[in-house]
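Listing of query05.pdb; format and content: PDB, C-alpha atoms.
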ATOM      1  CA  MET A   1     111.464 163.021 109.029
ATOM      2  CA  SER A   2     109.663 160.456 106.865
ATOM      3  CA  THR A   3     107.670 159.333 109.898
ATOM      4  CA  SER A   4     106.710 162.931 110.649
ATOM      5  CA  SER A   5     105.658 163.515 107.030
ATOM      6  CA  SER A   6     103.590 160.343 107.087
ATOM      7  CA  SER A   7     101.863 161.491 110.275
ATOM      8  CA  ILE A   8     101.127 164.853 108.717
ATOM      9  CA  ARG A   9      99.610 163.232 105.615
ATOM     10  CA  THR A  10      97.529 160.827 107.730
ATOM     11  CA  LEU A  11      96.318 163.645 109.946
ATOM     12  CA  GLY A  12      95.594 165.842 106.940
ATOM     13  CA  ALA A  13      93.426 163.141 105.338
ATOM     14  CA  ALA A  14      91.562 162.601 108.621
ATOM     15  CA  LEU A  15      90.986 166.338 109.070
ATOM     16  CA  GLN A  16      89.704 166.626 105.504
ATOM     17  CA  ARG A  17      87.186 163.863 106.096
ATOM     18  CA  ILE A  18      86.053 165.502 109.326
ATOM     19  CA  SER A  19      85.693 168.948 107.762
ATOM     20  CA  ASN A  20      83.722 167.478 104.820
ATOM     21  CA  GLY A  21      81.295 165.738 107.202
ATOM     22  CA  THR A  22      82.044 162.266 105.823
ATOM     23  CA  SER A  23      83.722 159.148 107.104
ATOM     24  CA  SER A  24      86.074 156.571 105.690
ATOM     25  CA  SER A  25      83.265 153.996 105.527
ATOM     26  CA  PRO A  26      81.928 152.987 102.095
ATOM     27  CA  PHE A  27      78.579 154.781 102.494
ATOM     28  CA  LYS A  28      77.886 156.981  99.511
ATOM     29  CA  SER A  29      74.927 159.313 100.020
ATOM     30  CA  LEU A  30      75.253 162.770 101.536
ATOM     31  CA  SER A  31      73.491 164.298 104.541
ATOM     32  CA  LEU A  32      73.800 167.555 106.427
ATOM     33  CA  SER A  33      72.536 168.995 109.704
ATOM     34  CA  SER A  34      72.897 172.303 111.456
ATOM     35  CA  SER A  35      74.669 170.628 114.381
ATOM     36  CA  SER A  36      77.208 168.859 112.180
ATOM     37  CA  LEU A  37      77.904 172.022 110.210
ATOM     38  CA  LEU A  38      78.391 173.968 113.443
ATOM     39  CA  TRP A  39      80.738 171.315 114.759
ATOM     40  CA  ASN A  40      82.740 171.273 111.521
ATOM     41  CA  GLY A  41      82.957 175.047 111.612
ATOM     42  CA  ARG A  42      84.321 175.035 115.151
ATOM     43  CA  ILE A  43      86.873 172.367 114.315
ATOM     44  CA  SER A  44      87.946 174.255 111.195
ATOM     45  CA  LYS A  45      88.400 177.479 113.155
ATOM     46  CA  ARG A  46      90.340 175.725 115.873
ATOM     47  CA  LEU A  47      92.465 174.005 113.291
ATOM     48  CA  ALA A  48      93.240 177.324 111.673
ATOM     49  CA  SER A  49      94.277 178.884 114.977
ATOM     50  CA  SER A  50      96.156 175.770 116.009
ATOM     51  CA  SER A  51      98.071 175.547 112.739
ATOM     52  CA  SER A  52      99.278 179.132 113.133
ATOM     53  CA  SER A  53     100.427 178.472 116.696
ATOM     54  CA  PHE A  54     102.379 175.309 116.005
ATOM     55  CA  SER A  55     105.296 175.212 113.601
ATOM     56  CA  SER A  56     107.178 172.208 114.923
ATOM     57  CA  SER A  57     106.540 168.921 113.091
ATOM     58  CA  SER A  58     106.726 167.089 116.403
ATOM     59  CA  LEU A  59     103.756 169.080 117.664
ATOM     60  CA  TRP A  60     101.758 168.231 114.516
ATOM     61  CA  GLY A  61     102.514 164.573 115.157
ATOM     62  CA  SER A  62     101.591 164.450 118.845
ATOM     63  CA  GLU A  63      99.931 167.316 120.713
ATOM     64  CA  LEU A  64      97.486 168.556 118.060
ATOM     65  CA  PRO A  65      95.926 165.159 117.358
ATOM     66  CA  HIS A  66      95.429 164.723 121.109
ATOM     67  CA  ARG A  67      93.597 168.055 121.345
ATOM     68  CA  LEU A  68      91.468 167.288 118.312
ATOM     69  CA  SER A  69      90.575 163.893 119.707
ATOM     70  CA  HIS A  70      89.462 165.520 122.958
ATOM     71  CA  GLN A  71      87.370 168.136 121.119
ATOM     72  CA  TYR A  72      85.886 165.455 118.848
ATOM     73  CA  ASP A  73      84.826 163.269 121.802
ATOM     74  CA  TYR A  74      83.232 166.240 123.541
ATOM     75  CA  GLN A  75      81.306 167.443 120.509
ATOM     76  CA  CYS A  76      80.066 163.993 119.477
ATOM     77  CA  ALA A  77      78.166 163.737 122.744
ATOM     78  CA  SER A  78      75.842 166.563 121.613
ATOM     79  CA  VAL A  79      75.833 166.034 117.875
ATOM     80  CA  ARG A  80      73.126 163.952 116.229
ATOM     81  CA  LYS A  81      74.658 161.199 114.118
ATOM     82  CA  ILE A  82      73.533 161.321 110.493
ATOM     83  CA  TRP A  83      74.342 158.426 108.222
ATOM     84  CA  THR A  84      75.793 159.161 104.827
ATOM     85  CA  CYS A  85      74.447 155.977 103.243
ATOM     86  CA  SER A  86      71.369 155.504 101.063
ATOM     87  CA  PRO A  87      68.246 154.737 103.134
ATOM     88  CA  LEU A  88      66.610 151.354 102.918
ATOM     89  CA  CYS A  89      63.898 151.968 100.343
ATOM     90  CA  MET A  90      60.350 150.608 100.428
ATOM     91  CA  GLY A  91      59.767 151.828  96.886
ATOM     92  CA  ARG A  92      58.958 148.440  95.340
ATOM     93  CA  ARG A  93      56.133 147.749  97.801
ATOM     94  CA  SER A  94      54.835 151.322  97.533
ATOM     95  CA  SER A  95      54.999 151.121  93.758
ATOM     96  CA  LYS A  96      52.961 147.902  93.726
ATOM     97  CA  ILE A  97      50.339 149.432  96.011
ATOM     98  CA  ALA A  98      50.150 152.549  93.857
ATOM     99  CA  THR A  99      49.910 150.425  90.716
ATOM    100  CA  ARG A 100      47.072 148.353  92.129
ATOM    101  CA  LYS A 101      45.205 151.441  93.315
ATOM    102  CA  GLY A 102      45.725 153.091  89.934
ATOM    103  CA  ALA A 103      44.358 150.019  88.170
ATOM    104  CA  GLN A 104      41.304 149.930  90.431
ATOM    105  CA  ASP A 105      40.643 153.641  89.896
ATOM    106  CA  LEU A 106      41.019 153.229  86.130
ATOM    107  CA  LYS A 107      38.628 150.291  86.118
ATOM    108  CA  LYS A 108      36.010 152.312  87.983
ATOM    109  CA  ALA A 109      36.521 155.337  85.725
ATOM    110  CA  LYS A 110      36.075 153.166  82.623
ATOM    111  CA  LEU A 111      32.843 151.750  84.026
ATOM    112  CA  TYR A 112      31.427 155.213  84.766
ATOM    113  CA  SER A 113      32.513 156.442  81.341
ATOM    114  CA  LYS A 114      30.863 153.516  79.559
ATOM    115  CA  ILE A 115      27.585 153.967  81.456
ATOM    116  CA  GLY A 116      27.699 157.695  80.746
ATOM    117  CA  LYS A 117      28.131 157.147  77.018
ATOM    118  CA  GLU A 118      25.254 154.671  76.972
ATOM    119  CA  ILE A 119      23.042 157.220  78.731
ATOM    120  CA  VAL A 120      23.914 159.938  76.224
ATOM    121  CA  SER A 121      23.155 157.657  73.275
ATOM    122  CA  ALA A 122      19.861 156.475  74.805
ATOM    123  CA  VAL A 123      18.722 160.038  75.534
ATOM    124  CA  LYS A 124      19.623 161.102  72.000
ATOM    125  CA  LYS A 125      17.429 158.352  70.582
ATOM    126  CA  GLY A 126      14.458 158.304  72.992
ATOM    127  CA  GLY A 127      14.471 161.340  75.254
ATOM    128  CA  PRO A 128      15.495 161.974  78.887
ATOM    129  CA  SER A 129      12.600 160.251  80.667
ATOM    130  CA  PRO A 130      13.084 156.617  81.767
ATOM    131  CA  ALA A 131       9.296 156.266  81.886
ATOM    132  CA  SER A 132       8.996 156.671  78.121
ATOM    133  CA  ASN A 133      12.504 155.583  77.115
ATOM    134  CA  THR A 134      12.855 151.858  77.725
ATOM    135  CA  ALA A 135      16.532 151.836  76.717
ATOM    136  CA  LEU A 136      17.297 154.533  79.282
ATOM    137  CA  ALA A 137      15.292 152.665  81.932
ATOM    138  CA  ALA A 138      17.323 149.510  81.273
ATOM    139  CA  ILE A 139      20.586 151.475  81.625
ATOM    140  CA  PHE A 140      19.311 152.979  84.872
ATOM    141  CA  GLU A 141      18.658 149.488  86.288
ATOM    142  CA  LYS A 142      22.104 148.318  85.182
ATOM    143  CA  ALA A 143      23.694 151.384  86.776
ATOM    144  CA  LYS A 144      22.034 150.569  90.099
ATOM    145  CA  GLU A 145      23.224 146.972  89.839
ATOM    146  CA  LEU A 146      26.790 148.175  89.278
ATOM    147  CA  ASP A 147      26.609 150.727  92.119
ATOM    148  CA  VAL A 148      27.130 153.653  89.760
ATOM    149  CA  PRO A 149      26.526 156.955  91.614
ATOM    150  CA  LYS A 150      23.266 158.756  90.848
ATOM    151  CA  GLU A 151      25.134 161.929  89.857
ATOM    152  CA  ILE A 152      26.746 160.047  86.952
ATOM    153  CA  PHE A 153      23.280 159.337  85.598
ATOM    154  CA  GLU A 154      22.057 162.926  86.087
ATOM    155  CA  ARG A 155      25.207 164.498  84.666
ATOM    156  CA  ASN A 156      25.056 162.509  81.436
ATOM    157  CA  ILE A 157      21.335 163.146  80.894
ATOM    158  CA  LYS A 158      22.184 166.839  81.024
ATOM    159  CA  ARG A 159      25.217 166.274  78.804
ATOM    160  CA  ALA A 160      23.046 164.636  76.129
ATOM    161  CA  SER A 161      21.027 167.844  75.735
ATOM    162  CA  GLU A 162      24.081 170.058  75.218
ATOM    163  CA  LYS A 163      24.520 171.634  71.824
ATOM    164  CA  GLY A 164      26.975 169.794  69.603
ATOM    165  CA  GLN A 165      26.947 166.587  71.650
ATOM    166  CA  GLU A 166      26.540 163.643  69.293
ATOM    167  CA  ALA A 167      25.413 160.110  70.062
ATOM    168  CA  PHE A 168      28.150 157.606  70.788
ATOM    169  CA  ILE A 169      28.935 154.834  68.348
ATOM    170  CA  GLU A 170      30.339 151.502  69.506
ATOM    171  CA  LYS A 171      33.299 150.076  67.583
ATOM    172  CA  VAL A 172      35.461 146.988  68.049
ATOM    173  CA  TYR A 173      39.109 146.821  66.973
ATOM    174  CA  GLU A 174      41.197 143.665  66.898
ATOM    175  CA  VAL A 175      44.935 143.699  67.536
ATOM    176  CA  TYR A 176      47.858 141.285  67.414
ATOM    177  CA  GLY A 177      50.340 141.567  70.267
ATOM    178  CA  TYR A 178      53.539 139.670  71.004
ATOM    179  CA  GLY A 179      53.887 135.895  71.125
ATOM    180  CA  GLY A 180      50.711 135.198  69.154
ATOM    181  CA  VAL A 181      48.532 136.953  71.741
ATOM    182  CA  GLY A 182      45.383 138.722  70.525
ATOM    183  CA  PHE A 183      43.466 141.736  71.849
ATOM    184  CA  VAL A 184      39.894 142.931  71.426
ATOM    185  CA  VAL A 185      39.495 146.677  71.981
ATOM    186  CA  GLU A 186      35.986 147.994  72.637
ATOM    187  CA  VAL A 187      35.402 151.668  71.906
ATOM    188  CA  SER A 188      32.471 154.060  72.359
ATOM    189  CA  THR A 189      33.067 157.327  70.569
ATOM    190  CA  ASP A 190      31.337 160.373  69.164
ATOM    191  CA  LYS A 191      34.236 160.829  66.720
ATOM    192  CA  VAL A 192      35.123 157.576  64.944
ATOM    193  CA  ASN A 193      38.102 158.999  63.042
ATOM    194  CA  ARG A 194      39.609 160.272  66.275
ATOM    195  CA  SER A 195      39.244 156.966  68.075
ATOM    196  CA  VAL A 196      40.641 154.750  65.316
ATOM    197  CA  ALA A 197      43.608 157.085  64.844
ATOM    198  CA  ALA A 198      44.380 156.997  68.579
ATOM    199  CA  VAL A 199      44.156 153.200  68.752
ATOM    200  CA  ARG A 200      46.361 152.769  65.670
ATOM    201  CA  GLU A 201      48.983 155.122  67.097
ATOM    202  CA  VAL A 202      49.218 153.237  70.411
ATOM    203  CA  VAL A 203      49.373 149.852  68.678
ATOM    204  CA  ARG A 204      52.121 151.065  66.338
ATOM    205  CA  ASP A 205      54.161 152.689  69.120
ATOM    206  CA  CYS A 206      53.966 149.547  71.261
ATOM    207  CA  GLY A 207      54.993 147.246  68.420
ATOM    208  CA  GLY A 208      51.619 145.588  67.868
ATOM    209  CA  LYS A 209      49.646 145.210  64.658
ATOM    210  CA  MET A 210      46.045 145.981  63.734
ATOM    211  CA  ALA A 211      44.178 142.806  62.748
ATOM    212  CA  ASP A 212      41.395 142.273  60.241
ATOM    213  CA  SER A 213      37.844 142.122  61.554
ATOM    214  CA  GLY A 214      37.014 138.641  62.856
ATOM    215  CA  SER A 215      40.583 137.380  63.003
ATOM    216  CA  VAL A 216      40.892 137.682  66.814
ATOM    217  CA  VAL A 217      37.404 137.989  68.298
ATOM    218  CA  PHE A 218      36.573 134.343  67.555
ATOM    219  CA  ARG A 219      39.087 133.372  70.245
ATOM    220  CA  PHE A 220      36.748 134.736  72.919
ATOM    221  CA  LYS A 221      33.323 133.922  74.298
ATOM    222  CA  ARG A 222      30.894 136.453  75.771
ATOM    223  CA  ALA A 223      29.662 135.738  79.309
ATOM    224  CA  ARG A 224      28.370 137.364  82.470
ATOM    225  CA  VAL A 225      31.081 137.382  85.100
ATOM    226  CA  VAL A 226      31.247 138.076  88.834
ATOM    227  CA  ASN A 227      34.732 138.863  90.170
ATOM    228  CA  VAL A 228      35.534 137.848  93.761
ATOM    229  CA  LYS A 229      38.856 138.538  95.469
ATOM    230  CA  THR A 230      40.609 135.407  96.655
ATOM    231  CA  SER A 231      40.976 137.051 100.065
ATOM    232  CA  ASN A 232      37.200 137.540 100.355
ATOM    233  CA  ALA A 233      36.102 133.922 100.044
ATOM    234  CA  ASP A 234      37.257 130.367 100.594
ATOM    235  CA  LYS A 235      37.629 128.478  97.340
ATOM    236  CA  ASP A 236      35.419 125.511  98.326
ATOM    237  CA  GLN A 237      32.776 127.801  99.800
ATOM    238  CA  LEU A 238      32.704 129.924  96.646
ATOM    239  CA  LEU A 239      32.419 126.868  94.395
ATOM    240  CA  GLU A 240      29.480 125.572  96.398
ATOM    241  CA  ILE A 241      27.662 128.912  96.352
ATOM    242  CA  ALA A 242      28.292 129.526  92.664
ATOM    243  CA  LEU A 243      27.243 126.087  91.464
ATOM    244  CA  ASP A 244      24.125 126.059  93.660
ATOM    245  CA  ALA A 245      23.122 129.414  92.152
ATOM    246  CA  GLY A 246      23.492 128.123  88.601
ATOM    247  CA  ALA A 247      26.992 129.286  87.631
ATOM    248  CA  GLU A 248      28.565 127.666  84.599
ATOM    249  CA  ASP A 249      32.158 127.789  85.833
ATOM    250  CA  VAL A 250      34.509 129.279  88.409
ATOM    251  CA  ILE A 251      37.869 130.304  86.945
ATOM    252  CA  GLU A 252      40.767 130.332  89.361
ATOM    253  CA  PRO A 253      43.348 133.125  89.114
ATOM    254  CA  THR A 254      46.784 132.519  87.682
ATOM    255  CA  GLY A 255      50.017 133.848  89.149
ATOM    256  CA  ASP A 256      53.540 133.038  90.247
ATOM    257  CA  GLU A 257      54.159 130.974  93.356
ATOM    258  CA  ASP A 258      56.827 133.488  94.335
ATOM    259  CA  ASP A 259      54.301 136.338  94.607
ATOM    260  CA  SER A 260      53.910 137.871  98.044
ATOM    261  CA  GLU A 261      50.773 137.294 100.126
ATOM    262  CA  GLU A 262      49.748 140.878  99.366
ATOM    263  CA  ASP A 263      49.992 140.276  95.613
ATOM    264  CA  GLN A 264      48.094 137.005  95.930
ATOM    265  CA  SER A 265      45.300 138.761  97.825
ATOM    266  CA  GLU A 266      44.723 140.964  94.773
ATOM    267  CA  ARG A 267      43.829 138.019  92.563
ATOM    268  CA  TYR A 268      40.225 137.283  91.596
ATOM    269  CA  TYR A 269      38.031 134.268  91.076
ATOM    270  CA  LYS A 270      35.769 134.680  88.053
ATOM    271  CA  ILE A 271      32.292 133.203  88.391
ATOM    272  CA  VAL A 272      30.990 132.625  84.872
ATOM    273  CA  SER A 273      27.238 132.698  84.398
ATOM    274  CA  SER A 274      24.468 132.967  81.866
ATOM    275  CA  GLN A 275      22.374 136.131  81.768
ATOM    276  CA  GLU A 276      19.428 134.262  83.322
ATOM    277  CA  ASN A 277      21.289 133.168  86.473
ATOM    278  CA  TYR A 278      23.453 136.252  86.968
ATOM    279  CA  LEU A 279      21.201 138.118  89.418
ATOM    280  CA  SER A 280      20.636 134.931  91.391
ATOM    281  CA  ILE A 281      24.396 134.549  91.882
ATOM    282  CA  LEU A 282      24.744 138.164  93.032
ATOM    283  CA  SER A 283      21.907 137.706  95.498
ATOM    284  CA  LYS A 284      23.435 134.505  96.895
ATOM    285  CA  LEU A 285      26.825 136.179  97.381
ATOM    286  CA  ARG A 286      25.166 139.082  99.216
ATOM    287  CA  ASP A 287      23.307 136.672 101.493
ATOM    288  CA  GLU A 288      26.604 134.972 102.371
ATOM    289  CA  GLY A 289      28.294 138.331 103.046
ATOM    290  CA  ILE A 290      30.877 137.895 100.293
ATOM    291  CA  SER A 291      32.083 141.075  98.594
ATOM    292  CA  PHE A 292      32.232 141.006  94.793
ATOM    293  CA  GLU A 293      32.640 143.143  91.698
ATOM    294  CA  PRO A 294      30.030 142.712  88.934
ATOM    295  CA  ASP A 295      30.892 143.071  85.267
ATOM    296  CA  ASN A 296      29.693 146.002  83.167
ATOM    297  CA  GLY A 297      27.165 143.920  81.260
ATOM    298  CA  TYR A 298      29.447 141.128  80.079
ATOM    299  CA  GLU A 299      33.072 140.139  79.652
ATOM    300  CA  LEU A 300      34.967 138.438  76.857
ATOM    301  CA  LEU A 301      36.769 135.336  78.132
ATOM    302  CA  PRO A 302      39.487 133.552  76.121
ATOM    303  CA  VAL A 303      38.503 130.126  74.859
ATOM    304  CA  ALA A 304      42.106 128.859  74.864
ATOM    305  CA  PRO A 305      44.472 131.174  76.806
ATOM    306  CA  ILE A 306      47.954 131.565  75.323
ATOM    307  CA  GLU A 307      51.124 131.118  77.388
ATOM    308  CA  ALA A 308      53.606 133.782  76.258
ATOM    309  CA  ASP A 309      57.217 134.093  77.393
ATOM    310  CA  ASP A 310      58.197 136.657  80.039
ATOM    311  CA  GLU A 311      59.362 139.318  77.599
ATOM    312  CA  ALA A 312      56.228 139.017  75.455
ATOM    313  CA  MET A 313      54.042 139.161  78.566
ATOM    314  CA  GLU A 314      55.588 142.432  79.705
ATOM    315  CA  LEU A 315      55.273 143.997  76.243
ATOM    316  CA  ASN A 316      51.639 142.891  75.982
ATOM    317  CA  LYS A 317      50.890 144.347  79.417
ATOM    318  CA  GLU A 318      52.337 147.677  78.299
ATOM    319  CA  LEU A 319      50.221 147.624  75.128
ATOM    320  CA  MET A 320      47.072 146.873  77.105
ATOM    321  CA  SER A 321      47.839 149.606  79.641
ATOM    322  CA  LYS A 322      48.394 152.214  76.925
ATOM    323  CA  LEU A 323      45.146 151.278  75.166
ATOM    324  CA  LEU A 324      43.164 151.601  78.402
ATOM    325  CA  GLU A 325      44.515 155.122  78.882
ATOM    326  CA  LEU A 326      42.600 156.290  75.783
ATOM    327  CA  ASP A 327      39.368 158.102  76.664
ATOM    328  CA  ASP A 328      37.331 156.427  73.913
ATOM    329  CA  VAL A 329      38.368 152.904  74.937
ATOM    330  CA  ASP A 330      35.906 151.188  77.288
ATOM    331  CA  ALA A 331      37.535 147.780  77.640
ATOM    332  CA  VAL A 332      40.443 145.686  76.389
ATOM    333  CA  TYR A 333      40.393 141.884  76.439
ATOM    334  CA  THR A 334      43.343 139.577  75.834
ATOM    335  CA  ASP A 335      43.796 135.824  75.496
ATOM    336  CA  GLN A 336      47.174 135.938  77.237
ATOM    337  CA  ARG A 337      47.165 133.623  80.240
TER
END
Rewrite the structure of this file - the entire thing - as structure tokens.
Amino acid sequence: MSTSSSSIRTLGAALQRISNGTSSSPFKSLSLSSSSLLWNGRISKRLASSSSSFSSSSLWGSELPHRLSHQYDYQCASVRKIWTCSPLCMGRRSSKIATRKGAQDLKKAKLYSKIGKEIVSAVKKGGPSPASNTALAAIFEKAKELDVPKEIFERNIKRASEKGQEAFIEKVYEVYGYGGVGFVVEVSTDKVNRSVAAVREVVRDCGGKMADSGSVVFRFKRARVVNVKTSNADKDQLLEIALDAGAEDVIEPTGDEDDSEEDQSERYYKIVSSQENYLSILSKLRDEGISFEPDNGYELLPVAPIEADDEAMELNKELMSKLLELDDVDAVYTDQR
């Protein structure tokens, strides 16, 4: 009798797993299909009819399992197998790609925004005609150099004539981050109170601290910079081109040795130049067929980059990201390595 009871319990557990559409394997996610539900329904109905027809424990222990096994083998031939485990996820790679694309889109948006603000301010001061407004003409030439679409120029000339639109004022805020790292935040705004309040809020929420004027900016030097992806040029070739064209320095990218080839391909060489030699460097790179990204007039480069620990680096990256999300912020520079 104990053997019969054990068989009944074993069979009952097996039937429960079958009717629930799961197996005894350690897979944990759930999946359903019309075929598996139909099969489970048929088995359940047959079980119900079979259980009413058999009352002997010996039949439960022998004949019924044999019938079920036969039905199971027959149905499995036409039923699509659906795993109940979690799929292998490519989320980390997709996330990195999305992050890089988001950063590139943000960089381009910031460039267009900065040029647009400069156009509005120039039109407010000297009128909408580049022929008579030398400041506007200079911005137009810079916009062409940076491959800014013509519609950006036209849209902001029109924007400058709208009622209530004020000229933009440039402001610089200095911030202390984690691990002794400093930030310089460049802002162009038509509402100074709004911009400073937004910057202060982000800095406070991210655990940073506003710094006094001049306490951080001295750590940086202003220079013209051409950015070239490491995947677009050989290091020795780039050095030769840059130095022949009058570059002051070529800064190699930093990164972890454990980074994937895809991550490494997103790193940039920075060709540092004076204003006088900048156009010559761009022309030389074009002649050699090397793709590049120009700066938006200049960049601030750290004189002595600071090596922060991993935790501080992540917190500083978050602070920088949040600052760049503000509409009034044009650029954020840091001396973190």
Q: Return as a count of residues only the set of residues that the PyMOL selection byres ((chain A and resi 327) around 9) yields on the displayed structure.
A: 11
Q. Quick one: which residues end up in the PyMOL selection byres ((chain A and resi 223-236) around 6) for this structure, as number ranges by chain?
A. A: 222, 237-239, 265, 267-274, 292-295, 298-299
(Q) Starting from the PyMOL selection byres ((chain A and resi 134-148) around 12), expand the selection into actual residues of this file and give them as a count of residues only. (A) 46
Q. What does the distance between CA of Gln165 in chain A and CA of Ser188 in chain A come to in Å, to one decimal place?
A. 13.7 Å
Q: Taking the point (22.1, 130.2, 88.5) as given in the file, collect each protein or nucleic acid residue that comes within 9 Å of it, counting all atoms listed in the file, and present the set as a ChimeraX atom specification.
A: /A:242-248,273-281
